[in-house]
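Trainee: Input file: upload31.tsv. Contents: TSV, C-alpha atoms and all ligand atoms.
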chain	number	residue	atom	x	y	z
A	1	MET	CA	121.69	106.84	71.49
A	2	MET	CA	120.67	105.74	75.02
A	3	GLN	CA	121.01	109.31	76.29
A	4	GLN	CA	118.71	110.52	73.54
A	5	ILE	CA	116.13	107.84	74.35
A	6	LEU	CA	116.11	108.83	78.03
A	7	ASP	CA	115.90	112.55	77.25
A	8	ASP	CA	112.92	111.89	74.95
A	9	ILE	CA	111.16	109.78	77.60
A	10	ALA	CA	111.75	112.40	80.33
A	11	GLU	CA	110.40	115.11	78.03
A	12	GLN	CA	107.29	113.08	77.31
A	13	MET	CA	106.71	112.29	81.00
A	14	ALA	CA	107.07	115.94	81.99
A	15	ILE	CA	103.90	116.86	80.11
A	16	GLU	CA	101.77	113.93	81.30
A	17	THR	CA	98.75	115.16	83.21
A	18	LYS	CA	97.51	111.80	84.61
A	19	ARG	CA	100.29	111.08	87.10
A	20	GLY	CA	98.60	108.66	89.56
A	21	LYS	CA	98.18	109.09	93.27
A	22	VAL	CA	101.00	109.49	95.81
A	23	ALA	CA	100.93	106.87	98.61
A	24	ASP	CA	99.40	108.45	101.66
A	25	TYR	CA	99.10	105.53	104.07
A	26	ILE	CA	102.66	106.36	105.17
A	27	PRO	CA	102.19	110.02	106.26
A	28	GLN	CA	105.86	110.86	105.65
A	29	LEU	CA	105.46	109.93	101.96
A	30	ALA	CA	102.18	111.79	101.42
A	31	HIS	CA	103.86	115.14	100.81
A	32	VAL	CA	106.20	114.14	97.97
A	33	ASP	CA	105.71	116.33	94.89
A	34	PRO	CA	104.02	114.19	92.16
A	35	SER	CA	105.37	116.32	89.33
A	36	GLN	CA	108.80	114.65	89.59
A	37	PHE	CA	110.12	112.01	87.20
A	38	GLY	CA	113.56	110.46	86.91
A	39	ILE	CA	115.13	107.64	84.88
A	40	ALA	CA	118.62	106.12	84.82
A	41	VAL	CA	120.20	103.20	82.99
A	42	ALA	CA	123.44	101.58	84.17
A	43	THR	CA	125.28	99.30	81.77
A	44	PRO	CA	127.84	96.60	82.64
A	45	ASP	CA	130.69	98.71	81.24
A	46	GLY	CA	130.10	101.15	84.11
A	47	GLN	CA	128.27	103.86	82.14
A	48	VAL	CA	125.25	105.52	83.74
A	49	TYR	CA	122.80	107.40	81.51
A	50	ALA	CA	120.23	109.61	83.21
A	51	ALA	CA	117.43	112.09	82.56
A	52	GLY	CA	114.89	114.12	84.55
A	53	ASP	CA	115.11	114.04	88.35
A	54	ALA	CA	117.52	111.09	88.28
A	55	SER	CA	119.72	112.38	91.09
A	56	THR	CA	116.86	113.20	93.50
A	57	LEU	CA	116.65	110.88	96.51
A	58	PHE	CA	113.41	108.97	97.13
A	59	SER	CA	112.25	106.23	99.47
A	60	ILE	CA	113.02	102.89	97.82
A	61	GLN	CA	110.38	101.11	99.95
A	62	SER	CA	109.63	97.61	98.64
A	63	ILE	CA	112.49	97.67	96.12
A	64	SER	CA	114.62	96.93	99.20
A	65	LYS	CA	113.03	93.46	99.25
A	66	VAL	CA	115.30	92.49	96.35
A	67	PHE	CA	118.36	93.37	98.45
A	68	THR	CA	117.25	91.48	101.57
A	69	LEU	CA	116.29	88.50	99.39
A	70	THR	CA	119.83	88.53	97.99
A	71	ILE	CA	121.30	88.71	101.50
A	72	GLY	CA	118.98	85.88	102.58
A	73	LEU	CA	119.96	83.62	99.68
A	74	ASN	CA	123.64	84.31	100.31
A	75	LYS	CA	123.28	83.48	104.00
A	76	LEU	CA	120.84	80.58	103.97
A	77	GLY	CA	120.86	79.24	100.40
A	78	SER	CA	117.87	77.03	99.66
A	79	GLU	CA	117.09	76.82	103.39
A	80	LEU	CA	115.47	80.25	102.89
A	81	TRP	CA	112.58	78.51	101.14
A	82	THR	CA	111.52	76.81	104.35
A	83	HIS	CA	110.48	80.30	105.58
A	84	VAL	CA	108.88	81.69	102.43
A	85	GLY	CA	107.50	80.43	99.11
A	86	ARG	CA	108.20	81.49	95.55
A	87	GLU	CA	104.81	81.68	93.87
A	88	PRO	CA	103.05	84.88	92.76
A	89	SER	CA	100.34	85.91	95.20
A	90	GLY	CA	97.88	87.68	92.91
A	91	ASP	CA	97.01	89.71	95.99
A	92	PRO	CA	97.83	93.25	97.17
A	93	PHE	CA	101.26	93.75	98.76
A	94	ASN	CA	99.93	93.85	102.32
A	95	SER	CA	97.25	91.16	102.04
A	96	ILE	CA	96.72	88.71	104.89
A	97	THR	CA	94.24	86.35	103.23
A	98	ILE	CA	96.45	83.54	101.84
A	99	LEU	CA	98.53	83.54	105.01
A	100	GLU	CA	95.72	81.81	106.84
A	101	TYR	CA	95.18	79.15	104.18
A	102	GLU	CA	98.90	78.49	103.93
A	103	ALA	CA	99.67	78.25	107.65
A	104	GLY	CA	101.60	81.49	108.00
A	105	ARG	CA	104.13	80.80	105.20
A	106	PRO	CA	104.08	83.79	102.84
A	107	ARG	CA	103.75	83.15	99.11
A	108	ASN	CA	106.95	84.94	98.11
A	109	PRO	CA	109.72	87.21	99.46
A	110	LEU	CA	108.56	90.29	97.53
A	111	ILE	CA	105.24	90.85	99.31
A	112	ASN	CA	105.27	92.42	102.79
A	113	ALA	CA	104.71	89.18	104.71
A	114	GLY	CA	107.47	87.46	102.73
A	115	ALA	CA	109.96	90.28	103.25
A	116	ILE	CA	109.20	90.24	106.98
A	117	ALA	CA	109.90	86.49	107.02
A	118	VAL	CA	113.21	87.09	105.18
A	119	VAL	CA	114.25	89.68	107.78
A	120	ASP	CA	113.46	87.20	110.55
A	121	ALA	CA	115.53	84.54	108.75
A	122	ILE	CA	118.60	86.75	108.32
A	123	MET	CA	118.51	88.09	111.91
A	124	MET	CA	119.95	84.87	113.37
A	125	GLY	CA	119.62	86.08	116.94
A	126	ARG	CA	121.40	89.37	116.26
A	127	GLN	CA	120.35	92.82	117.44
A	128	PRO	CA	118.26	94.92	115.00
A	129	LYS	CA	121.02	97.56	114.73
A	130	THR	CA	123.56	94.97	113.58
A	131	VAL	CA	121.21	93.65	110.90
A	132	MET	CA	120.30	97.18	109.75
A	133	THR	CA	123.99	97.97	109.37
A	134	GLU	CA	124.48	94.80	107.35
A	135	ILE	CA	121.62	95.74	105.00
A	136	LEU	CA	122.91	99.30	104.55
A	137	GLN	CA	126.45	98.05	103.90
A	138	PHE	CA	125.07	95.67	101.28
A	139	VAL	CA	123.19	98.45	99.46
A	140	ARG	CA	126.23	100.74	99.60
A	141	SER	CA	128.44	97.97	98.28
A	142	VAL	CA	126.24	96.97	95.32
A	143	SER	CA	125.72	100.58	94.28
A	144	ASP	CA	129.37	101.47	94.99
A	145	ASP	CA	128.23	104.54	96.95
A	146	ASP	CA	128.88	105.02	100.66
A	147	SER	CA	126.69	108.12	100.88
A	148	ILE	CA	123.48	106.03	100.84
A	149	GLY	CA	121.57	106.02	104.15
A	150	PHE	CA	118.28	105.43	105.92
A	151	ASP	CA	115.61	108.10	106.13
A	152	HIS	CA	114.94	107.79	109.85
A	153	LYS	CA	111.81	109.95	109.65
A	154	VAL	CA	110.23	107.59	107.13
A	155	ALA	CA	111.19	104.55	109.23
A	156	ALA	CA	109.72	106.18	112.37
A	157	SER	CA	106.54	107.13	110.52
A	158	GLU	CA	106.09	103.54	109.36
A	159	MET	CA	106.77	102.17	112.84
A	160	GLN	CA	104.12	104.49	114.21
A	161	HIS	CA	101.59	103.30	111.63
A	162	ARG	CA	102.64	99.64	111.71
A	163	ASP	CA	99.27	98.03	112.45
A	164	ARG	CA	98.89	96.17	109.15
A	165	ASN	CA	102.47	94.91	108.97
A	166	ALA	CA	102.37	94.07	112.69
A	167	ALA	CA	99.20	92.05	112.06
A	168	LEU	CA	100.93	90.12	109.25
A	169	ALA	CA	103.94	89.45	111.49
A	170	HIS	CA	101.94	88.37	114.54
A	171	PHE	CA	99.83	86.11	112.36
A	172	MET	CA	102.95	84.43	110.97
A	173	LYS	CA	104.44	84.16	114.46
A	174	SER	CA	101.27	82.48	115.71
A	175	PHE	CA	102.01	79.69	113.21
A	176	GLY	CA	105.58	79.45	114.48
A	177	ASN	CA	107.02	80.94	111.29
A	178	LEU	CA	108.88	83.83	112.97
A	179	GLU	CA	111.58	83.39	115.56
A	180	HIS	CA	112.29	86.94	116.75
A	181	GLU	CA	110.21	89.64	118.45
A	182	VAL	CA	107.75	91.25	116.04
A	183	ASP	CA	108.73	94.85	116.82
A	184	GLU	CA	112.43	94.05	116.37
A	185	ILE	CA	111.77	92.47	112.99
A	186	LEU	CA	109.56	95.40	111.95
A	187	ASP	CA	112.16	97.95	113.04
A	188	ILE	CA	114.61	96.37	110.57
A	189	TYR	CA	111.97	95.98	107.85
A	190	PHE	CA	110.91	99.64	108.07
A	191	HIS	CA	114.53	100.78	107.99
A	192	GLN	CA	115.25	98.75	104.85
A	193	CYS	CA	112.15	100.31	103.24
A	194	SER	CA	113.28	103.81	104.28
A	195	VAL	CA	116.59	103.67	102.40
A	196	ALA	CA	116.80	106.83	100.30
A	197	MET	CA	118.35	106.50	96.84
A	198	SER	CA	118.32	108.25	93.50
A	199	CYS	CA	117.58	106.59	90.15
A	200	GLU	CA	121.30	106.79	89.33
A	201	GLN	CA	122.27	104.98	92.53
A	202	LEU	CA	119.50	102.43	92.18
A	203	ALA	CA	120.37	101.63	88.56
A	204	ARG	CA	123.96	100.93	89.63
A	205	ALA	CA	122.70	98.79	92.52
A	206	GLY	CA	120.90	96.50	90.04
A	207	LEU	CA	123.99	95.78	87.94
A	208	PHE	CA	124.78	92.50	89.68
A	209	LEU	CA	121.47	91.10	88.40
A	210	VAL	CA	122.35	92.12	84.83
A	211	SER	CA	125.52	90.02	84.72
A	212	ASN	CA	124.83	86.73	86.51
A	213	GLY	CA	125.49	87.98	90.02
A	214	ILE	CA	128.65	89.97	89.27
A	215	ASN	CA	128.72	93.75	89.21
A	216	GLN	CA	130.97	94.10	86.20
A	217	ALA	CA	131.49	97.81	86.81
A	218	THR	CA	133.15	97.11	90.18
A	219	GLY	CA	134.18	93.47	89.69
A	220	VAL	CA	132.36	92.49	92.91
A	221	LYS	CA	130.84	89.01	92.91
A	222	VAL	CA	127.57	89.59	94.79
A	223	ILE	CA	125.78	86.24	94.42
A	224	LYS	CA	126.10	82.95	92.51
A	225	PRO	CA	124.91	83.04	88.86
A	226	GLN	CA	122.17	80.51	89.55
A	227	GLN	CA	120.76	82.62	92.41
A	228	SER	CA	120.95	85.82	90.35
A	229	ARG	CA	118.84	84.13	87.66
A	230	ARG	CA	116.34	83.04	90.28
A	231	ILE	CA	116.04	86.53	91.80
A	232	ASN	CA	115.25	87.85	88.32
A	233	SER	CA	112.55	85.24	87.84
A	234	LEU	CA	111.00	86.12	91.22
A	235	MET	CA	111.02	89.79	90.22
A	236	MET	CA	109.27	88.90	86.97
A	237	MET	CA	106.58	86.80	88.64
A	238	CYS	CA	106.09	88.64	91.93
A	239	GLY	CA	107.75	92.08	91.76
A	240	HIS	CA	104.56	94.06	91.13
A	241	TYR	CA	102.16	92.13	93.39
A	242	ASP	CA	98.73	91.77	91.78
A	243	GLY	CA	100.04	93.94	88.93
A	244	SER	CA	102.87	91.51	88.06
A	245	GLY	CA	101.09	89.96	85.08
A	246	GLU	CA	100.30	93.36	83.63
A	247	PHE	CA	103.90	94.55	84.12
A	248	ALA	CA	105.25	91.42	82.39
A	249	TYR	CA	102.77	91.99	79.56
A	250	GLN	CA	103.55	95.68	79.13
A	251	VAL	CA	107.29	95.73	79.90
A	252	GLY	CA	108.53	92.13	79.73
A	253	LEU	CA	111.45	92.52	82.13
A	254	PRO	CA	112.01	91.50	85.77
A	255	GLY	CA	111.11	94.49	87.95
A	256	LYS	CA	110.44	95.48	91.52
A	257	SER	CA	108.30	98.41	92.51
A	258	GLY	CA	107.98	100.39	95.73
A	259	VAL	CA	105.22	102.66	97.05
A	260	GLY	CA	107.69	105.55	96.97
A	261	GLY	CA	107.16	105.44	93.18
A	262	GLY	CA	110.43	103.76	92.22
A	263	ILE	CA	110.86	100.69	89.99
A	264	LEU	CA	114.10	98.76	89.52
A	265	THR	CA	114.07	96.78	86.28
A	266	ILE	CA	116.67	94.35	84.96
A	267	ALA	CA	117.42	93.72	81.29
A	268	PRO	CA	119.71	90.67	81.62
A	269	GLY	CA	123.02	91.16	79.83
A	270	LYS	CA	122.08	94.69	78.83
A	271	GLY	CA	121.41	97.07	81.67
A	272	SER	CA	119.78	97.97	84.95
A	273	ILE	CA	117.04	100.57	84.74
A	274	ALA	CA	115.68	102.68	87.60
A	275	VAL	CA	112.65	104.91	87.17
A	276	TRP	CA	110.88	107.07	89.69
A	277	SER	CA	107.67	109.04	89.69
A	278	PRO	CA	105.73	109.24	92.98
A	279	GLY	CA	102.18	108.89	91.59
A	280	LEU	CA	100.92	105.30	91.77
A	281	ASN	CA	98.37	103.27	89.81
A	282	PRO	CA	95.52	101.56	91.69
A	283	VAL	CA	97.65	98.51	92.58
A	284	GLY	CA	100.42	100.65	94.07
A	285	ASN	CA	103.00	100.71	91.28
A	286	SER	CA	104.40	103.93	89.75
A	287	LYS	CA	102.08	105.04	86.95
A	288	LEU	CA	104.55	107.05	84.90
A	289	GLY	CA	107.42	104.76	85.87
A	290	THR	CA	105.62	101.87	84.19
A	291	LYS	CA	104.76	104.01	81.17
A	292	ALA	CA	108.38	105.15	80.82
A	293	LEU	CA	109.58	101.54	80.94
A	294	GLN	CA	107.14	100.58	78.18
A	295	LEU	CA	108.59	103.35	76.03
A	296	LEU	CA	112.16	102.33	76.84
A	297	VAL	CA	111.48	98.70	75.93
A	298	GLU	CA	109.83	99.75	72.67
A	299	LYS	CA	112.77	101.96	71.74
A	300	THR	CA	115.57	99.55	72.80
A	301	GLY	CA	113.93	96.17	72.14
A	302	TRP	CA	115.08	95.14	75.65
A	303	SER	CA	112.66	92.39	76.67
A	304	VAL	CA	113.36	88.88	77.88
A	305	PHE	CA	110.64	87.76	75.44
A	306	ALA	CA	112.29	89.12	72.30
A	307	ASN	CA	115.63	88.96	70.55
A	401	LIG	O1	105.44	97.92	104.43
A	401	LIG	C1	104.99	98.82	103.74
A	401	LIG	O2	103.80	99.01	103.60
A	401	LIG	C2	105.98	99.69	103.01
A	401	LIG	N1	107.15	99.91	103.82
A	401	LIG	C3	106.45	99.07	101.72
A	401	LIG	C4	105.35	98.77	100.79
A	401	LIG	C5	105.69	98.85	99.35
A	401	LIG	O3	106.57	99.53	98.89
A	401	LIG	C6	104.74	98.13	98.51
A	401	LIG	N2	104.97	98.48	97.16
A	401	LIG	N3	104.52	98.72	96.19
What would you get if you wrote out this structure as structure tokens?
Mentor:
Amino acid sequence: MMQQILDDIAEQMAIETKRGKVADYIPQLAHVDPSQFGIAVATPDGQVYAAGDASTLFSIQSISKVFTLTIGLNKLGSELWTHVGREPSGDPFNSITILEYEAGRPRNPLINAGAIAVVDAIMMGRQPKTVMTEILQFVRSVSDDDSIGFDHKVAASEMQHRDRNAALAHFMKSFGNLEHEVDEILDIYFHQCSVAMSCEQLARAGLFLVSNGINQATGVKVIKPQQSRRINSLMMMCGHYDGSGEFAYQVGLPGKSGVGGGILTIAPGKGSIAVWSPGLNPVGNSKLGTKALQLLVEKTGWSVFAN
């Protein structure tokens, strides 16, 4: 049943001609072939269903913000909210405008400024390498796959073209909202964004958010149930930046996108869905990924707004 649904969706996506535009502000991502499409669904019983290019690695980019948010909540608990807010921004992912009005405290942890503030909060005086290792270990643990790694070329490319993110970070630091050196924070942030994963790996990585913080396939308790619920609500409200309302309207599930063209989507109690297609819509979210999720939700009835 699920396998058939995914095969049908992949077949339909393969013939789409309007595939969006690949992100080119990170030169290393500009050359990814836009004809690719992958989808995978992991269910709490440990099954993974997949279709299309579901085992091809791609840059998870901003999807990594869900993982660092989880690490941050585990480490700091509600103290994390002194560094970052939890309201939708309604602005593009790299916008600086509200930061000035709100004294350098980013609106939420899923926009760039917020994710940079989360990195600063979890550093706790440690060296960037130590924190990067911690993030990678976390991703490997939740996806139960030790082969996952950074794409150092992507991280280096982002560091080289860091002006916008550096501006956000310096602006926050000028308000006293960052403790560590900007370039050290950014080095970690760009590495977390550079993590390369396939849809199959990413779908497994989302399983802890399907079952109240516990990955039922591995039995690992990743985060408290209450925090898992809250991460899902942040993904629903903020996971697609200024496209979050549209994503909630069209798909109706918590989701987090990345400019690499991936989207991780959680159907609580049912499954974790990862889609990938590199072409983006005008607000920077995967065009076909979103379309595929709409189809999946229609065919499965998986929506937090229906029963
Ligand atoms: O900081 C950046 O610009 C990228 N590393 C991540 C941006 C991103 O994925 C935004 N997503 N849609």
Trainee: If you count only C-alpha atoms and all ligand atoms, which residues end up within 9 Å of ligand LIG 401 (chain A), as a short mmCIF file (atom, residue, chain, number, x, y, z; two decimals) with C-alpha atoms, in the frame of the given file?
Mentor:
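The new file result-v1.cif reads:
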data_model
loop_
_atom_site.label_atom_id
_atom_site.label_comp_id
_atom_site.auth_asym_id
_atom_site.auth_seq_id
_atom_site.Cartn_x
_atom_site.Cartn_y
_atom_site.Cartn_z
CA TYR A 25 99.10 105.53 104.07
CA ILE A 26 102.66 106.36 105.17
CA SER A 59 112.25 106.23 99.47
CA ILE A 60 113.02 102.89 97.82
CA GLN A 61 110.38 101.11 99.95
CA SER A 62 109.63 97.61 98.64
CA ILE A 63 112.49 97.67 96.12
CA SER A 64 114.62 96.93 99.20
CA LYS A 65 113.03 93.46 99.25
CA PRO A 92 97.83 93.25 97.17
CA PHE A 93 101.26 93.75 98.76
CA ASN A 94 99.93 93.85 102.32
CA LEU A 110 108.56 90.29 97.53
CA ILE A 111 105.24 90.85 99.31
CA ASN A 112 105.27 92.42 102.79
CA ALA A 113 104.71 89.18 104.71
CA ALA A 115 109.96 90.28 103.25
CA ILE A 116 109.20 90.24 106.98
CA VAL A 154 110.23 107.59 107.13
CA ALA A 155 111.19 104.55 109.23
CA GLU A 158 106.09 103.54 109.36
CA ARG A 162 102.64 99.64 111.71
CA ARG A 164 98.89 96.17 109.15
CA ASN A 165 102.47 94.91 108.97
CA LEU A 186 109.56 95.40 111.95
CA TYR A 189 111.97 95.98 107.85
CA PHE A 190 110.91 99.64 108.07
CA HIS A 191 114.53 100.78 107.99
CA GLN A 192 115.25 98.75 104.85
CA CYS A 193 112.15 100.31 103.24
CA SER A 194 113.28 103.81 104.28
CA GLY A 239 107.75 92.08 91.76
CA HIS A 240 104.56 94.06 91.13
CA TYR A 241 102.16 92.13 93.39
CA LYS A 256 110.44 95.48 91.52
CA SER A 257 108.30 98.41 92.51
CA GLY A 258 107.98 100.39 95.73
CA VAL A 259 105.22 102.66 97.05
CA GLY A 260 107.69 105.55 96.97
CA GLY A 261 107.16 105.44 93.18
CA GLY A 262 110.43 103.76 92.22
CA LEU A 280 100.92 105.30 91.77
CA VAL A 283 97.65 98.51 92.58
CA GLY A 284 100.42 100.65 94.07
CA ASN A 285 103.00 100.71 91.28
CA SER A 286 104.40 103.93 89.75
#
Trainee: Considering only C-alpha atoms, return as number ranges by chain whatever protein or nucleic-acid residues lie within 9 Å of Val84 (chain A), sequence-local ones (same chain, fewer than 3 positions apart) excluded.
Mentor: A: 80-81, 105-109, 113-115, 117-118
Trainee: Would you work out the distance separating CA of Gly90 (chain A) from CA of Glu246 (chain A), expressed in Å to one decimal?
Mentor: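 That distance, rounded to one decimal, is 11.1 Å.
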Trainee: Restricting the calculation to only C-alpha atoms, which member of A:Glu79, A:Asp33, A:Asp91, A:Asp183 is positioned closest to Phe58 (chain A)?
Mentor: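 So, comparing all the options, the nearest one is A:Asp33.
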Trainee: Please report the interatomic distance between CA of Ser141 (chain A) and CA of Val297 (chain A) in Å with one decimal.
Mentor: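 CA of Val297 (chain A) lies at a distance of 28.1 Å from CA of Ser141 (chain A).
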Trainee: Residues near Asn215 (chain A), anyone? I mean within 12 Å using only C-alpha atoms, not counting same-chain ones fewer than 3 positions away, as an NGL selection string.
Mentor: :A and (42-46 or 141-144 or 203-212 or 218-225 or 228 or 269 or 271-272)
